[in-house]
>>> print(open('coords34.cif').read())   # mmCIF, C-alpha atoms
data_start
loop_
_atom_site.group_PDB
_atom_site.id
_atom_site.type_symbol
_atom_site.label_atom_id
_atom_site.label_comp_id
_atom_site.auth_asym_id
_atom_site.auth_seq_id
_atom_site.Cartn_x
_atom_site.Cartn_y
_atom_site.Cartn_z
ATOM 1 C CA MET A 280 62.560 15.744 -59.555
ATOM 2 C CA LYS A 281 60.908 16.792 -56.293
ATOM 3 C CA GLU A 282 61.594 13.374 -54.760
ATOM 4 C CA LEU A 283 65.242 13.494 -55.869
ATOM 5 C CA LEU A 284 65.678 16.909 -54.281
ATOM 6 C CA TYR A 285 64.065 15.565 -51.114
ATOM 7 C CA LEU A 286 66.576 12.685 -51.057
ATOM 8 C CA PHE A 287 69.395 15.180 -51.552
ATOM 9 C CA TRP A 288 68.073 17.481 -48.810
ATOM 10 C CA THR A 289 67.546 14.570 -46.398
ATOM 11 C CA PHE A 290 71.137 13.370 -46.715
ATOM 12 C CA PHE A 291 72.505 16.930 -46.868
ATOM 13 C CA LYS A 292 70.926 17.657 -43.464
ATOM 14 C CA ILE A 293 72.374 14.424 -42.074
ATOM 15 C CA GLY A 294 75.793 15.268 -43.495
ATOM 16 C CA ILE A 295 75.862 18.812 -42.182
ATOM 17 C CA THR A 296 74.596 18.062 -38.671
ATOM 18 C CA THR A 297 76.513 14.875 -37.866
ATOM 19 C CA PHE A 298 80.069 14.815 -36.594
ATOM 20 C CA GLY A 299 82.199 11.699 -36.292
ATOM 21 C CA GLY A 300 81.848 9.957 -39.605
ATOM 22 C CA GLY A 301 79.665 7.154 -40.813
ATOM 23 C CA TYR A 302 79.199 5.304 -37.563
ATOM 24 C CA ALA A 303 77.965 8.461 -35.882
ATOM 25 C CA MET A 304 75.639 9.045 -38.852
ATOM 26 C CA GLY A 305 74.193 5.535 -38.618
ATOM 27 C CA PRO A 306 71.632 6.217 -35.860
ATOM 28 C CA ILE A 307 70.566 9.468 -37.509
ATOM 29 C CA ILE A 308 70.196 7.808 -40.921
ATOM 30 C CA ARG A 309 68.246 4.992 -39.248
ATOM 31 C CA GLU A 310 65.899 7.405 -37.502
ATOM 32 C CA LYS A 311 65.167 9.242 -40.752
ATOM 33 C CA VAL A 312 65.015 6.248 -43.099
ATOM 34 C CA VAL A 313 63.289 3.673 -40.857
ATOM 35 C CA GLU A 314 61.231 5.642 -38.340
ATOM 36 C CA LYS A 315 60.249 8.865 -40.113
ATOM 37 C CA GLU A 316 60.215 8.150 -43.849
ATOM 38 C CA LYS A 317 59.565 4.375 -43.671
ATOM 39 C CA TRP A 318 61.811 3.876 -46.704
ATOM 40 C CA MET A 319 62.866 0.506 -45.284
ATOM 41 C CA SER A 320 62.201 -1.777 -42.334
ATOM 42 C CA GLU A 321 64.489 -2.129 -39.329
ATOM 43 C CA GLU A 322 65.681 -5.510 -40.620
ATOM 44 C CA GLU A 323 66.412 -4.088 -44.091
ATOM 45 C CA PHE A 324 68.382 -1.278 -42.463
ATOM 46 C CA VAL A 325 70.525 -3.708 -40.466
ATOM 47 C CA ASP A 326 71.151 -5.679 -43.673
ATOM 48 C CA THR A 327 72.078 -2.390 -45.371
ATOM 49 C CA ILE A 328 74.628 -1.654 -42.650
ATOM 50 C CA ALA A 329 76.123 -5.131 -43.064
ATOM 51 C CA ILE A 330 76.372 -4.713 -46.830
ATOM 52 C CA CYS A 331 77.759 -1.168 -46.613
ATOM 53 C CA GLU A 332 80.296 -2.169 -43.961
ATOM 54 C CA SER A 333 81.572 -5.050 -46.037
ATOM 55 C CA THR A 334 82.032 -3.006 -49.230
ATOM 56 C CA PRO A 335 84.908 -0.599 -49.873
ATOM 57 C CA GLY A 336 84.445 3.042 -48.964
ATOM 58 C CA PRO A 337 83.019 5.108 -46.127
ATOM 59 C CA ILE A 338 79.930 3.513 -44.611
ATOM 60 C CA ALA A 339 77.792 6.688 -44.597
ATOM 61 C CA ILE A 340 78.413 7.288 -48.293
ATOM 62 C CA ASN A 341 77.703 3.639 -49.080
ATOM 63 C CA MET A 342 74.477 3.846 -47.071
ATOM 64 C CA ALA A 343 73.337 7.044 -48.797
ATOM 65 C CA THR A 344 74.117 5.538 -52.191
ATOM 66 C CA TYR A 345 72.264 2.302 -51.417
ATOM 67 C CA ILE A 346 69.227 3.973 -49.851
ATOM 68 C CA GLY A 347 69.051 6.476 -52.717
ATOM 69 C CA TYR A 348 69.252 3.647 -55.246
ATOM 70 C CA LYS A 349 66.583 1.651 -53.434
ATOM 71 C CA ASN A 350 64.232 4.634 -53.668
ATOM 72 C CA LYS A 351 64.976 6.207 -57.047
ATOM 73 C CA LYS A 352 67.541 3.980 -58.765
ATOM 74 C CA PHE A 353 70.592 5.685 -60.329
ATOM 75 C CA TRP A 354 69.454 9.281 -59.871
ATOM 76 C CA GLY A 355 68.394 8.624 -56.296
ATOM 77 C CA SER A 356 71.798 7.177 -55.477
ATOM 78 C CA LEU A 357 73.539 10.141 -57.111
ATOM 79 C CA PHE A 358 71.464 12.786 -55.306
ATOM 80 C CA ALA A 359 71.685 11.042 -51.911
ATOM 81 C CA THR A 360 75.433 10.519 -52.267
ATOM 82 C CA ILE A 361 76.084 14.141 -53.250
ATOM 83 C CA GLY A 362 73.836 15.245 -50.393
ATOM 84 C CA VAL A 363 75.814 13.354 -47.754
ATOM 85 C CA ILE A 364 79.241 14.240 -49.230
ATOM 86 C CA LEU A 365 78.769 17.942 -49.963
ATOM 87 C CA PRO A 366 78.692 19.271 -46.360
ATOM 88 C CA SER A 367 81.889 17.432 -45.392
ATOM 89 C CA PHE A 368 83.619 18.513 -48.579
ATOM 90 C CA VAL A 369 82.769 22.180 -48.023
ATOM 91 C CA ILE A 370 83.651 22.085 -44.302
ATOM 92 C CA ILE A 371 87.001 20.368 -44.939
ATOM 93 C CA LEU A 372 87.731 22.852 -47.716
ATOM 94 C CA ILE A 373 87.069 25.770 -45.342
ATOM 95 C CA ILE A 374 89.073 24.157 -42.513
ATOM 96 C CA SER A 375 92.008 23.617 -44.867
ATOM 97 C CA LEU A 376 92.083 27.354 -45.557
ATOM 98 C CA PHE A 377 92.445 28.090 -41.815
ATOM 99 C CA PHE A 378 94.222 24.907 -40.703
ATOM 100 C CA GLU A 379 97.332 26.599 -39.327
ATOM 101 C CA ARG A 380 95.254 28.921 -37.137
ATOM 102 C CA LEU A 381 93.038 26.078 -35.905
ATOM 103 C CA LEU A 382 96.077 24.086 -34.773
ATOM 104 C CA GLU A 383 97.024 26.977 -32.504
ATOM 105 C CA ASN A 384 93.497 27.457 -31.096
ATOM 106 C CA GLU A 385 92.964 25.743 -27.715
ATOM 107 C CA TYR A 386 89.181 26.311 -27.873
ATOM 108 C CA PHE A 387 89.003 24.349 -31.098
ATOM 109 C CA PHE A 388 90.741 21.368 -29.463
ATOM 110 C CA ALA A 389 88.473 21.625 -26.414
ATOM 111 C CA ALA A 390 85.402 21.488 -28.662
ATOM 112 C CA VAL A 391 86.802 18.521 -30.587
ATOM 113 C CA SER A 392 87.421 16.548 -27.372
ATOM 114 C CA GLY A 393 83.810 17.110 -26.319
ATOM 115 C CA ILE A 394 82.559 16.031 -29.728
ATOM 116 C CA LYS A 395 84.684 12.837 -29.564
ATOM 117 C CA ALA A 396 83.014 11.803 -26.317
ATOM 118 C CA CYS A 397 79.550 12.187 -27.852
ATOM 119 C CA ILE A 398 80.558 10.257 -30.957
ATOM 120 C CA VAL A 399 81.649 7.262 -28.884
ATOM 121 C CA PHE A 400 78.145 7.171 -27.411
ATOM 122 C CA LEU A 401 76.463 7.444 -30.838
ATOM 123 C CA ILE A 402 78.527 4.554 -32.172
ATOM 124 C CA LEU A 403 77.775 2.491 -29.064
ATOM 125 C CA LYS A 404 74.059 3.297 -29.399
ATOM 126 C CA ALA A 405 74.055 2.097 -33.031
ATOM 127 C CA GLY A 406 75.865 -1.084 -31.998
ATOM 128 C CA ILE A 407 73.368 -1.821 -29.227
ATOM 129 C CA LYS A 408 70.439 -1.350 -31.616
ATOM 130 C CA MET A 409 72.049 -3.732 -34.099
ATOM 131 C CA LEU A 410 72.798 -6.224 -31.308
ATOM 132 C CA LYS A 411 69.114 -6.273 -30.377
ATOM 133 C CA LEU A 412 68.277 -7.265 -33.961
ATOM 134 C CA ILE A 413 70.685 -10.217 -34.157
ATOM 135 C CA ASP A 414 68.929 -13.551 -34.644
ATOM 136 C CA LYS A 415 68.673 -15.157 -31.231
ATOM 137 C CA LYS A 416 70.213 -18.361 -32.550
ATOM 138 C CA VAL A 417 73.386 -20.057 -31.360
ATOM 139 C CA VAL A 418 75.595 -19.267 -34.382
ATOM 140 C CA PRO A 419 74.969 -15.495 -34.619
ATOM 141 C CA ILE A 420 75.422 -15.137 -30.851
ATOM 142 C CA LEU A 421 78.654 -17.160 -30.950
ATOM 143 C CA VAL A 422 79.931 -15.131 -33.905
ATOM 144 C CA PHE A 423 79.170 -11.937 -31.976
ATOM 145 C CA ILE A 424 80.954 -13.172 -28.833
ATOM 146 C CA LEU A 425 83.979 -14.432 -30.778
ATOM 147 C CA THR A 426 84.179 -11.261 -32.868
ATOM 148 C CA THR A 427 84.037 -9.117 -29.751
ATOM 149 C CA ALA A 428 86.712 -11.195 -27.983
ATOM 150 C CA ILE A 429 88.992 -11.257 -31.032
ATOM 151 C CA SER A 430 88.557 -7.519 -31.689
ATOM 152 C CA ILE A 431 89.318 -6.615 -28.072
ATOM 153 C CA SER A 432 92.361 -8.904 -28.089
ATOM 154 C CA ILE A 433 93.632 -7.376 -31.335
ATOM 155 C CA GLU A 434 93.286 -3.862 -29.901
ATOM 156 C CA PHE A 435 94.681 -4.796 -26.474
ATOM 157 C CA TYR A 436 97.775 -6.512 -27.873
ATOM 158 C CA ASP A 437 98.121 -3.992 -30.709
ATOM 159 C CA ILE A 438 98.089 -6.702 -33.386
ATOM 160 C CA ASN A 439 98.052 -5.537 -36.995
ATOM 161 C CA PHE A 440 94.984 -7.395 -38.313
ATOM 162 C CA SER A 441 92.511 -5.941 -40.786
ATOM 163 C CA SER A 442 88.874 -5.903 -39.705
ATOM 164 C CA ILE A 443 87.938 -6.958 -43.235
ATOM 165 C CA PHE A 444 89.112 -10.471 -42.347
ATOM 166 C CA ILE A 445 86.808 -10.532 -39.323
ATOM 167 C CA ILE A 446 83.909 -9.460 -41.555
ATOM 168 C CA LEU A 447 84.801 -12.077 -44.182
ATOM 169 C CA ILE A 448 85.107 -14.832 -41.556
ATOM 170 C CA GLY A 449 81.741 -13.835 -40.058
ATOM 171 C CA GLY A 450 80.190 -13.850 -43.532
ATOM 172 C CA LEU A 451 81.708 -17.259 -44.290
ATOM 173 C CA ILE A 452 80.415 -18.708 -41.015
ATOM 174 C CA GLY A 453 76.964 -17.242 -41.735
ATOM 175 C CA PHE A 454 77.041 -18.642 -45.271
ATOM 176 C CA ILE A 455 78.049 -22.141 -44.144
ATOM 177 C CA THR A 456 75.501 -22.279 -41.320
ATOM 178 C CA GLY A 457 72.843 -20.952 -43.701
ATOM 179 C CA LEU A 458 73.605 -23.788 -46.130
ATOM 180 C CA ILE A 459 73.405 -26.303 -43.300
ATOM 181 C CA GLU A 460 70.044 -24.899 -42.147
ATOM 182 C CA LEU A 461 68.679 -24.996 -45.718
ATOM 183 C CA LYS A 462 69.804 -28.604 -46.073
ATOM 184 C CA LYS A 463 68.098 -29.527 -42.796
ATOM 185 C CA GLU A 464 64.879 -27.771 -43.878
ATOM 186 C CA LYS A 465 64.901 -29.690 -47.190
ATOM 187 C CA GLU A 466 65.401 -32.987 -45.337
ATOM 188 C CA VAL A 467 62.522 -32.220 -42.976
ATOM 189 C CA LYS A 468 60.212 -31.466 -45.949
ATOM 190 C CA LYS A 469 61.050 -34.851 -47.486
#
>>> encode(input="coords34.cif", output="structure tokens")
Amino acid sequence: MKELLYLFWTFFKIGITTFGGGYAMGPIIREKVVEKEKWMSEEEFVDTIAICESTPGPIAINMATYIGYKNKKFWGSLFATIGVILPSFVIILIISLFFERLLENEYFFAAVSGIKACIVFLILKAGIKMLKLIDKKVVPILVFILTTAISISIEFYDINFSSIFIILIGGLIGFITGLIELKKEKEVKK
């Protein structure tokens, strides 16, 4: 039970001290899970992000659920998930009670604009760390370049295109090239 409460407390602290959603939580979760607690390696964490990004739901909740499950199975996933959700739920509940007043408060909007600027940096920082961990092979680098170019074009031209298709295409390309590499390895062994 002590370990389950520790999982809850770990993700509760992340949830209550991080603004900006799952992508802003990513570097903080990474620091705690990979560097401090050593619950998983850097490579496992990057794989976790890929899995959590490609499944439905908010990435931070998916990550908490997965990391909790990896450590303590069902109960670990439940405690970690509740831990990361509870602070946001309570804060949103409180904000909803005073929403009308907050809309009229210029200091609130000033604080939010400052927070937004920091969140952009946290997301960029997480992306750079993940970029460093990409296999330095031709296909992953090409997929990264093409994904970046396509994503910028979609945003620049305001095209309505779901990012899920970009993720699926990247996964399909990775799957096909992985099959090709396995086939080549088998041929070399013969």
>>> resolve_selection(input="coords34.cif", expression="the PyMOL selection byres ((chain A and resi 406) around 12)", output="PyMOL selection string")
chain A and resi 302-303+305-306+325+328-329+399-405+407-413+423+427
>>> atom_distance(input="coords34.cif", atom1="atom CA of A:Val363", atom2="atom CA of A:Gly294")
4.7 Å
>>> atom_distance(input="coords34.cif", atom1="atom CA of A:Glu282", atom2="atom CA of A:Ile364")
18.5 Å
>>> closest_residue(input="coords34.cif", among="A:Tyr436, A:Tyr386, A:Tyr348, A:Phe291", to="A:Trp318", atoms="only C-alpha atoms")
A:Tyr348
>>> resolve_selection(input="coords34.cif", expression="the PyMOL selection byres ((chain A and resi 310) around 12)", output="list in words")
Thr289, Ile293, Met304, Gly305, Pro306, Ile307, Ile308, Arg309, Lys311, Val312, Val313, Glu314, Lys315, Glu316, Lys317, Trp318, Met319, Ser320, Glu321, Phe324, Ala405 and Lys408 of chain A
>>> closest_atom_pairs(input="coords34.cif", of="stretch 295-349 of chain A", to="stretch 356-361 of chain A", cutoff="9 Å", atoms="all atoms listed in the file", output="CSV")
residue,atom,partner,partner_atom,distance
A:Ala339,CA,A:Thr360,CA,8.9
A:Ile340,CA,A:Thr360,CA,5.9
A:Asn341,CA,A:Thr360,CA,7.9
A:Met342,CA,A:Thr360,CA,8.5
A:Ala343,CA,A:Ala359,CA,5.3
A:Thr344,CA,A:Ser356,CA,4.3
A:Tyr345,CA,A:Ser356,CA,6.4
A:Ile346,CA,A:Ser356,CA,7.0
A:Gly347,CA,A:Ser356,CA,4.0
A:Tyr348,CA,A:Ser356,CA,4.4
A:Lys349,CA,A:Ser356,CA,7.9
>>> axis_aligned_box(input="coords34.cif", around="stretch 414-428 of chain A", padding_each_side="4 Å", output="lines of an AutoDock Vina configuration file")
center_x = 77.7
center_y = -14.6
center_z = -31.3
size_x = 26.0
size_y = 18.9
size_z = 14.7
>>> closest_residue(input="coords34.cif", among="A:Leu425, A:Leu365, A:Ile398, A:Ile445", to="A:Phe287", atoms="only C-alpha atoms")
A:Leu365
>>> atom_distance(input="coords34.cif", atom1="atom CA of A:Thr327", atom2="atom CA of A:Asp414")
15.8 Å
>>> residues_around(input="coords34.cif", residues="A:Phe444", least_positions_apart="3", cutoff="12 Å", atoms="all atoms listed in the file", output="ChimeraX atom specification")
/A:333,426,429-430,439-441,447-451
>>> closest_residue(input="coords34.cif", among="A:Pro335, A:Lys395, A:Val369, A:Lys469", to="A:Ile295", atoms="all atoms listed in the file")
A:Val369
